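Below is one structure, written out as C-alpha cells, with a few remarks after it.
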Amino acid sequence: MKKLLELYERFAVLVSYLQSPFLLVVRLYWGWQLMQSGWGKLHHLDKVTDYFTSLNLPAPGVTAHFVSGLEFFGGLLLILGLGSRLIGLILSVNMLVAYWTADRDALFAVFSDPGKFYNADPYTFLFASAMVLVFGAGLFSVDALLRRRYRGWIEKQ
C-alpha cells in the first residue's frame with residue numbers, strides 16, 4: 001500500500017506541472033473567444049441594444065456598451081494574464097447575469113437537466129472565467145511576471 005501511495009504522489013507531482021500550461025491554453029482560447037464576441041458586439045451596438053431592450057434590461061444602450069467593452073477588454077486581459085482573478089470574477093458575474101436574463105430556464109435546470117445548462121451560450125465563458133478566478137492565471141502570465149518582479153517590494157510593505 002505504501003508503494004502505491006508513493007507512486008500516486010509522484011504521479012500527482014508530475015501532473016501538477018501541467019497546471020500553468022493548461023491555464024495558459026484556457027486563457028488564450030477563451031480570452032480570444034471573448035475578444036471576438038466583444039468585437040462583434042462593439043460593431044453591432046444597435047442590434048445588441050435592441051436585444052437587451054427585448055430582455056427588458058435597464059438602460060439597454062449603456063448596458064450594450066458596457067458588456068461589449070467588458071467582453072473585448074476582459075478577453076484581452078485574460079490573454080495577457082493581467083488582473084486575472086479580478087477579471088475572472090467580473091466576467092463570471094457577467095455570465096451569470098447573461099444566464100439570468102437570457103437563459104433563465106437553462107440556469108434553473110442546472111440540477112434537473114444539466115445538459116440544458118451546459119449547452120447554453122454563457123456556459124463555456126462562465127466555466128473559463130471561474131477557472132481563472134479560482135486558480136489564477138498560472139506561471140505564464142503578466143500577473144506572475146509582476147509578482148516575481150515586485151516580490152521584494154511587496155514583502156517590505
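For the C-alpha cells, the naming scheme is as follows: chains receive sequential letters (A, B, ...) according to their order of presentation, residues are indexed from 1 within each chain, and ligands are indexed from 1 in presentation order.
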
Practice task
Using only C-alpha atoms, determine which residues lie at most 6 Å from range 41-53 of chain A, disregarding the query and same-chain residues fewer than 4 positions distant; provide the list as a list in words.
Solution key: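 Once the adjacent positions are removed, what remains is Leu57, Pro60, Gly61, Ala64 and Ser68 of chain A.
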
May I have the selected residues written with C-alpha atoms, as a compact mmCIF listing (two decimals), in the first residue's frame?
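That gives us result.txt:
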```txt
# COMPACT_ATOMS: atom_id res chain seq x y z
CA LEU A 57 -32.69 45.27 -19.24
CA PRO A 60 -30.02 48.85 -22.73
CA GLY A 61 -27.78 51.24 -24.70
CA ALA A 64 -24.70 47.15 -24.53
CA SER A 68 -19.30 44.78 -25.32
```

Practice task
Enumerate, as a ChimeraX atom specification, the complete set of residues in chain A that a backbone-based DSSP assignment places in alpha helix (DSSP H).
Solution key: /A:2-16,19-42,45-54,60-80,84-102,104-108,114-118,122-135,142-149,151-156

Practice task
Find the residue from A:Pro21, A:Gly31, A:Pro122, A:Gly136 that sits nearest to Ser84 in chain A; use only C-alpha atoms when measuring.
Solution key: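 The shortest atom-to-atom distance to Ser84 in chain A comes from A:Gly136.
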
Practice task
Mind giving me the straight-line distance from CA of Leu77 in chain A to CA of Arg148 in chain A in Å, one decimal?
Solution key: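 Interatomic distance, CA of Leu77 in chain A to CA of Arg148 in chain A: 18.6 Å.
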
Practice task
Quick one: everything within 9 Å of Met131 in chain A, counting only C-alpha atoms, minus sequence neighbours fewer than 5 positions away in the same chain. Send it as a ChimeraX atom specification.
Solution key: /A:23,26,88,126,136

Practice task
Please identify all polymer residues within 7 Å of range 94-111 of chain A, counting only C-alpha atoms, omitting same-chain residues fewer than 3 positions from it, and present them as a ChimeraX atom specification.
Solution key: /A:55,90-91,114,116-117,120,122,125-126

Problem - CA of Trp32 in chain A to CA of Ala128 in chain A, distance in Å rounded to a single decimal - result: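 CA of Trp32 in chain A sits 11.7 Å away from CA of Ala128 in chain A.
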